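S.K.: Dropping in final.tsv, with TSV, C-alpha atoms.
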chain	number	residue	atom	x	y	z
A	1	MET	CA	13.44	3.52	-39.35
A	2	LYS	CA	17.03	2.68	-38.74
A	3	THR	CA	17.51	1.60	-35.15
A	4	THR	CA	20.88	2.60	-33.84
A	5	ARG	CA	22.13	1.65	-30.44
A	6	ARG	CA	21.75	5.27	-29.36
A	7	THR	CA	18.06	5.55	-30.25
A	8	LEU	CA	17.44	2.21	-28.55
A	9	ILE	CA	19.10	3.40	-25.36
A	10	ALA	CA	17.17	6.67	-25.49
A	11	ALA	CA	13.88	4.84	-25.97
A	12	LEU	CA	14.70	2.48	-23.12
A	13	GLY	CA	15.61	5.39	-20.88
A	14	ALA	CA	12.33	7.15	-21.63
A	15	LEU	CA	10.44	3.95	-20.86
A	16	LEU	CA	12.16	3.56	-17.51
A	17	LEU	CA	11.78	7.18	-16.47
A	18	LYS	CA	8.17	7.67	-17.49
A	19	PRO	CA	6.42	5.48	-14.90
A	20	LEU	CA	8.65	6.84	-12.14
A	21	ALA	CA	7.76	10.42	-12.98
A	22	ALA	CA	4.04	9.65	-12.91
A	23	PHE	CA	4.13	8.60	-9.26
A	24	ALA	CA	4.67	10.40	-6.01
A	25	ALA	CA	7.98	9.83	-4.28
A	26	TRP	CA	8.63	6.99	-1.89
A	27	ASN	CA	9.61	8.09	1.63
A	28	GLU	CA	12.88	6.20	1.93
A	29	GLN	CA	13.63	7.63	5.36
A	30	ALA	CA	10.33	6.63	6.93
A	31	PHE	CA	10.30	3.17	5.34
A	32	GLY	CA	13.96	2.65	6.28
A	33	ALA	CA	13.37	3.44	9.97
A	34	LYS	CA	14.08	0.47	12.23
A	35	THR	CA	11.70	1.41	15.02
A	36	ALA	CA	8.08	2.57	14.89
A	37	ALA	CA	9.06	5.64	16.94
A	38	ASP	CA	11.67	6.66	14.37
A	39	ALA	CA	9.26	6.07	11.48
A	40	LEU	CA	6.64	8.24	13.18
A	41	LYS	CA	9.20	10.96	13.85
A	42	THR	CA	10.08	10.98	10.16
A	43	LEU	CA	6.41	11.26	9.25
A	44	GLY	CA	6.03	14.17	11.69
A	45	ALA	CA	3.64	12.16	13.87
A	46	SER	CA	5.75	11.63	16.99
A	47	SER	CA	3.11	11.81	19.69
A	48	PRO	CA	-0.27	10.82	18.27
A	49	ALA	CA	-3.32	10.96	20.54
A	50	ALA	CA	-5.00	7.63	21.28
A	51	SER	CA	-8.33	7.34	19.49
A	52	LYS	CA	-11.21	4.89	19.63
A	53	ASP	CA	-12.41	6.15	16.26
A	54	ILE	CA	-9.79	4.15	14.40
A	55	VAL	CA	-11.08	0.66	13.70
A	56	ILE	CA	-8.63	-2.21	13.17
A	57	GLU	CA	-10.04	-5.54	12.02
A	58	ALA	CA	-7.48	-8.32	12.15
A	59	PRO	CA	-7.21	-11.88	13.43
A	60	GLN	CA	-6.09	-12.27	17.05
A	61	ILE	CA	-3.91	-15.15	16.00
A	62	ALA	CA	-2.34	-15.38	12.55
A	63	GLU	CA	-1.22	-18.89	11.73
A	64	ASN	CA	0.77	-17.75	8.71
A	65	GLY	CA	2.82	-14.61	9.20
A	66	ALA	CA	3.34	-14.33	5.43
A	67	VAL	CA	-0.26	-13.29	4.87
A	68	VAL	CA	-1.96	-11.43	7.72
A	69	PRO	CA	-5.14	-9.62	6.65
A	70	ILE	CA	-5.59	-6.19	8.21
A	71	GLU	CA	-8.60	-3.96	7.64
A	72	VAL	CA	-8.36	-0.37	8.80
A	73	SER	CA	-10.79	2.50	8.79
A	74	SER	CA	-11.00	5.87	10.50
A	75	ASN	CA	-14.18	7.52	11.74
A	76	ILE	CA	-12.31	10.70	12.59
A	77	PRO	CA	-13.82	13.49	10.46
A	78	GLY	CA	-11.43	14.84	7.84
A	79	THR	CA	-9.04	11.87	7.93
A	80	SER	CA	-6.62	12.46	5.07
A	81	SER	CA	-4.12	9.67	5.60
A	82	ILE	CA	-3.59	6.36	7.36
A	83	ALA	CA	-0.25	4.72	8.15
A	84	VAL	CA	0.12	1.08	9.18
A	85	LEU	CA	3.10	0.07	11.33
A	86	ILE	CA	4.09	-3.38	12.54
A	87	GLU	CA	6.13	-2.66	15.66
A	88	LYS	CA	8.37	-5.72	15.61
A	89	ASN	CA	9.08	-6.00	11.90
A	90	PRO	CA	12.66	-5.10	10.88
A	91	PHE	CA	11.22	-2.04	9.12
A	92	PRO	CA	7.97	-1.26	10.97
A	93	LEU	CA	6.28	1.07	8.45
A	94	ALA	CA	4.27	-1.18	6.10
A	95	GLY	CA	2.26	1.42	4.24
A	96	ARG	CA	0.93	4.92	4.12
A	97	PHE	CA	-2.31	5.74	2.33
A	98	GLU	CA	-3.37	9.24	1.31
A	99	PHE	CA	-7.06	9.75	0.77
A	100	LYS	CA	-8.07	12.62	-1.48
A	101	ASP	CA	-11.55	14.02	-2.09
A	102	GLY	CA	-13.71	11.12	-3.19
A	103	ALA	CA	-12.02	8.37	-1.15
A	104	LEU	CA	-13.07	7.01	2.22
A	105	PRO	CA	-10.35	6.51	4.87
A	106	TYR	CA	-10.46	2.74	4.57
A	107	VAL	CA	-8.04	0.11	3.36
A	108	LYS	CA	-7.74	-3.65	3.57
A	109	LEU	CA	-4.39	-5.25	2.86
A	110	ASN	CA	-2.30	-8.34	3.61
A	111	VAL	CA	1.00	-7.91	5.42
A	112	LYS	CA	3.94	-10.02	6.51
A	113	MET	CA	4.74	-10.29	10.19
A	114	GLY	CA	7.99	-11.74	11.46
A	115	GLU	CA	6.66	-12.41	14.95
A	116	THR	CA	3.85	-11.57	17.37
A	117	SER	CA	3.56	-7.80	17.40
A	118	ASP	CA	1.42	-4.77	17.99
A	119	VAL	CA	0.05	-3.33	14.79
A	120	ARG	CA	-0.19	0.42	15.12
A	121	VAL	CA	-2.40	2.57	12.92
A	122	ILE	CA	-1.92	6.32	12.68
A	123	ALA	CA	-4.68	8.47	11.19
A	124	THR	CA	-4.04	12.08	10.28
A	125	ALA	CA	-6.90	14.57	10.23
A	126	GLY	CA	-6.63	18.34	10.00
A	127	GLY	CA	-2.89	18.18	10.65
A	128	LYS	CA	-3.41	16.21	13.92
A	129	HIS	CA	-2.32	12.62	14.42
A	130	PHE	CA	-4.31	9.87	16.12
A	131	ALA	CA	-3.34	6.30	16.94
A	132	ALA	CA	-4.80	2.92	17.77
A	133	SER	CA	-3.08	-0.40	18.10
A	134	ARG	CA	-3.85	-4.04	18.31
A	135	GLU	CA	-1.76	-7.12	19.04
A	136	ILE	CA	-1.64	-9.94	16.52
A	137	LYS	CA	-0.11	-13.23	17.60
A	138	VAL	CA	1.90	-14.98	14.93
A	139	THR	CA	2.54	-18.72	15.02
A	140	ILE	CA	4.87	-18.95	11.99
A	141	GLY	CA	6.80	-15.84	10.97
A	142	GLY	CA	6.52	-14.61	7.41
A	143	CYS	CA	9.49	-12.40	6.62
A	144	GLY	CA	11.39	-15.00	4.61
A	145	GLY	CA	8.96	-14.55	1.69
B	1	MET	CA	10.51	-10.56	-13.37
B	2	ALA	CA	8.24	-8.72	-15.73
B	3	ALA	CA	5.10	-7.16	-14.39
B	4	GLY	CA	2.49	-9.86	-13.91
B	5	PRO	CA	-1.19	-9.54	-14.58
B	6	MET	CA	-3.57	-7.59	-12.38
B	7	LYS	CA	-7.18	-8.29	-11.54
B	8	MET	CA	-9.76	-5.84	-10.31
B	9	ARG	CA	-13.39	-5.79	-9.34
B	10	ALA	CA	-15.17	-2.55	-8.55
B	11	THR	CA	-18.74	-2.75	-7.25
B	12	ILE	CA	-21.29	-0.51	-5.57
B	13	ALA	CA	-21.81	-1.63	-1.97
B	14	GLY	CA	-23.78	0.30	0.63
B	15	GLY	CA	-23.87	3.40	-1.58
B	16	ASN	CA	-20.09	3.48	-1.96
B	17	THR	CA	-17.66	1.99	-4.46
B	18	ASP	CA	-15.57	-0.95	-3.26
B	19	VAL	CA	-12.44	-1.56	-5.30
B	20	ARG	CA	-10.72	-4.91	-4.83
B	21	VAL	CA	-7.49	-5.26	-6.74
B	22	LEU	CA	-4.88	-7.99	-7.06
B	23	MET	CA	-1.33	-7.33	-8.23
B	24	THR	CA	0.96	-10.16	-9.27
B	25	HIS	CA	4.31	-9.38	-7.68
B	26	PRO	CA	6.97	-11.33	-5.74
B	27	MET	CA	7.32	-8.65	-3.00
B	28	THR	CA	10.64	-10.07	-1.84
B	29	THR	CA	12.21	-8.80	1.38
B	30	ALA	CA	15.83	-8.25	2.35
B	31	GLN	CA	15.40	-11.15	4.81
B	32	SER	CA	14.53	-13.66	2.09
B	33	GLY	CA	18.04	-13.86	0.63
B	34	GLN	CA	16.62	-12.83	-2.75
B	35	PRO	CA	17.07	-9.38	-4.29
B	36	LEU	CA	14.83	-6.77	-2.70
B	37	HIS	CA	11.94	-6.38	-5.13
B	38	PHE	CA	8.68	-4.80	-4.07
B	39	ILE	CA	5.95	-2.39	-5.11
B	40	GLN	CA	6.50	1.10	-3.68
B	41	ASN	CA	3.67	3.24	-5.04
B	42	VAL	CA	0.02	2.55	-5.76
B	43	VAL	CA	-2.39	5.08	-7.27
B	44	VAL	CA	-6.17	4.76	-7.54
B	45	LYS	CA	-8.10	6.95	-9.98
B	46	GLN	CA	-11.83	7.41	-10.34
B	47	ASN	CA	-12.91	8.76	-13.74
B	48	GLY	CA	-9.37	10.03	-14.31
B	49	LYS	CA	-9.06	11.82	-10.94
B	50	THR	CA	-6.55	10.60	-8.36
B	51	VAL	CA	-8.40	9.57	-5.19
B	52	ILE	CA	-5.83	7.47	-3.31
B	53	GLU	CA	-2.04	7.57	-3.31
B	54	ALA	CA	-0.23	4.90	-1.34
B	55	GLU	CA	3.38	4.19	-0.48
B	56	ILE	CA	4.00	0.63	0.63
B	57	SER	CA	6.92	-1.47	1.84
B	58	GLN	CA	8.23	-4.99	1.36
B	59	ALA	CA	6.09	-5.94	4.38
B	60	VAL	CA	3.07	-6.19	2.10
B	61	SER	CA	2.43	-9.86	1.24
B	62	ARG	CA	3.35	-11.48	-2.08
B	63	ASN	CA	0.75	-10.87	-4.82
B	64	PRO	CA	-0.78	-7.93	-2.95
B	65	VAL	CA	-4.54	-7.66	-2.64
B	66	PHE	CA	-6.03	-4.34	-1.58
B	67	THR	CA	-9.56	-3.22	-0.97
B	68	PHE	CA	-10.22	0.51	-1.22
B	69	ARG	CA	-13.50	2.36	-0.70
B	70	LEU	CA	-14.60	5.41	-2.67
B	71	LYS	CA	-17.41	7.76	-1.68
B	72	GLY	CA	-20.59	7.25	-3.65
B	73	GLY	CA	-19.99	6.47	-7.28
B	74	ALA	CA	-22.14	4.83	-9.93
B	75	LYS	CA	-22.14	1.88	-12.28
B	76	GLY	CA	-19.94	2.57	-15.26
B	77	ASP	CA	-17.45	4.79	-13.38
B	78	LYS	CA	-13.95	4.15	-14.65
B	79	ILE	CA	-11.55	2.94	-11.97
B	80	GLU	CA	-7.83	2.73	-12.66
B	81	VAL	CA	-5.22	1.26	-10.33
B	82	SER	CA	-1.52	1.47	-11.12
B	83	TRP	CA	1.70	0.54	-9.33
B	84	VAL	CA	5.43	1.03	-9.69
B	85	ASP	CA	8.10	-1.01	-7.91
B	86	ASN	CA	11.63	-0.34	-6.66
B	87	LYS	CA	13.10	-1.44	-9.99
B	88	GLY	CA	10.92	0.90	-12.03
B	89	ASP	CA	8.61	-1.84	-13.30
B	90	SER	CA	4.98	-0.79	-13.42
B	91	ASN	CA	1.55	-1.96	-14.39
B	92	LYS	CA	-2.04	-0.73	-14.39
B	93	ILE	CA	-5.56	-1.96	-14.83
B	94	GLU	CA	-8.74	-0.12	-15.67
B	95	SER	CA	-12.30	-1.32	-15.45
B	96	ALA	CA	-15.81	0.01	-15.09
B	97	VAL	CA	-17.79	-0.25	-11.86
B	98	ALA	CA	-20.21	-3.17	-12.16
Reformat the file's structure so that it appears as structure tokens.
M.R.:
Amino acid sequence: MKTTRRTLIAALGALLLKPLAAFAAWNEQAFGAKTAADALKTLGASSPAASKDIVIEAPQIAENGAVVPIEVSSNIPGTSSIAVLIEKNPFPLAGRFEFKDGALPYVKLNVKMGETSDVRVIATAGGKHFAASREIKVTIGGCGG
Amino acid sequence: MAAGPMKMRATIAGGNTDVRVLMTHPMTTAQSGQPLHFIQNVVVKQNGKTVIEAEISQAVSRNPVFTFRLKGGAKGDKIEVSWVDNKGDSNKIESAVA
């Protein structure tokens, strides 16, 4: 086959567009919010009810803010999504996980923390929002990474 | 940077399927002075069916490691994890539950 510049560009374009189309969108507004309150407003979860059924496992003191392990699970029946926010990060929303049929509302991840901060977890179940938070002390900030 | 390798281990634990996955990615922030480059979407599939969809930010650590938990499951189930970043790079890995 003769490869012209046009076919090459078309093939490249298809390659770039394909993976994007296969994924859900990225909530630019929520992730771009500079306060946790604004991020929650964007997610439609402005005033979540405090819940003891959200479990946050994390170190009390993180020596390295570049890698802070956080393990989150929700025991609230029907939990369909979990959002993790780090209050004092420049952009607090770190992730939002949607659990479909077949998944348990659980995730373990490593996050960067610029400084000592509350980590807030929002669980959504049956259209209602629930929250729990936990302070993690950071000795060396990790947002330069 | 091209998409780096991924590693995954899916095992049955306590009657459920634990999926531990590593993605090789710089996850650079705006604060680092380097171009913003981070994974935005992660999708987990079990036997071809989407079970978890995640949106993440640059606050996730470099070379992200996630553990997910799927209800039940059996040895041999096919687990696929894929990601796409803010530059349109993507990668995926598939393996059977051990």
S.K.: Measuring atom to atom with only C-alpha atoms, identify which of A:Val107, A:Ala37, A:Ala123, A:Val84 is nearest to chain B.
M.R.: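 Of the candidates, the smallest distance to chain B is held by A:Val107.
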S.K.: Looking at B:Asn47, B:Gln34, B:Thr11, B:Asn63, which one is nearest to A:Ala66, with distances taken over all atoms listed in the file?
M.R.: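 Selected residue with least distance to A:Ala66: B:Asn63.
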S.K.: Select, from B:Lys92, B:Thr67, B:Asn86, B:His25, the residue with the minimum atom-to-atom distance to B:Glu55, counting all atoms listed in the file.
M.R.: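 Going through B:Lys92, B:Thr67, B:Asn86, B:His25 one by one, the smallest distance to B:Glu55 is for B:Asn86.
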S.K.: Suppose you want the space between atom CA of B:Pro64 and atom CA of A:Gln29; what is it in Å?
M.R.: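 These atoms are spaced 22.8 Å apart.
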S.K.: With a cut-off of 6 Å and counting all atoms listed in the file, select all residues of chain A in contact with chain B and give the selection as a PyMOL selection string.
M.R.: chain A and resi 67+94-100+102-104+107-112+144-145
S.K.: Closest to B:Ile93 among B:Gly76, B:Gly14, B:Met23, B:Phe38, using only C-alpha atoms?
M.R.: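 Looking at the shortest contact to B:Ile93, the residue is B:Met23.
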S.K.: Report the distance between atom CA of A:Gly127 and atom CA of A:Ala45 in Å, rounded to one decimal place.
M.R.: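 Spanning atom CA of A:Gly127 to atom CA of A:Ala45 is a straight-line distance of 9.4 Å.
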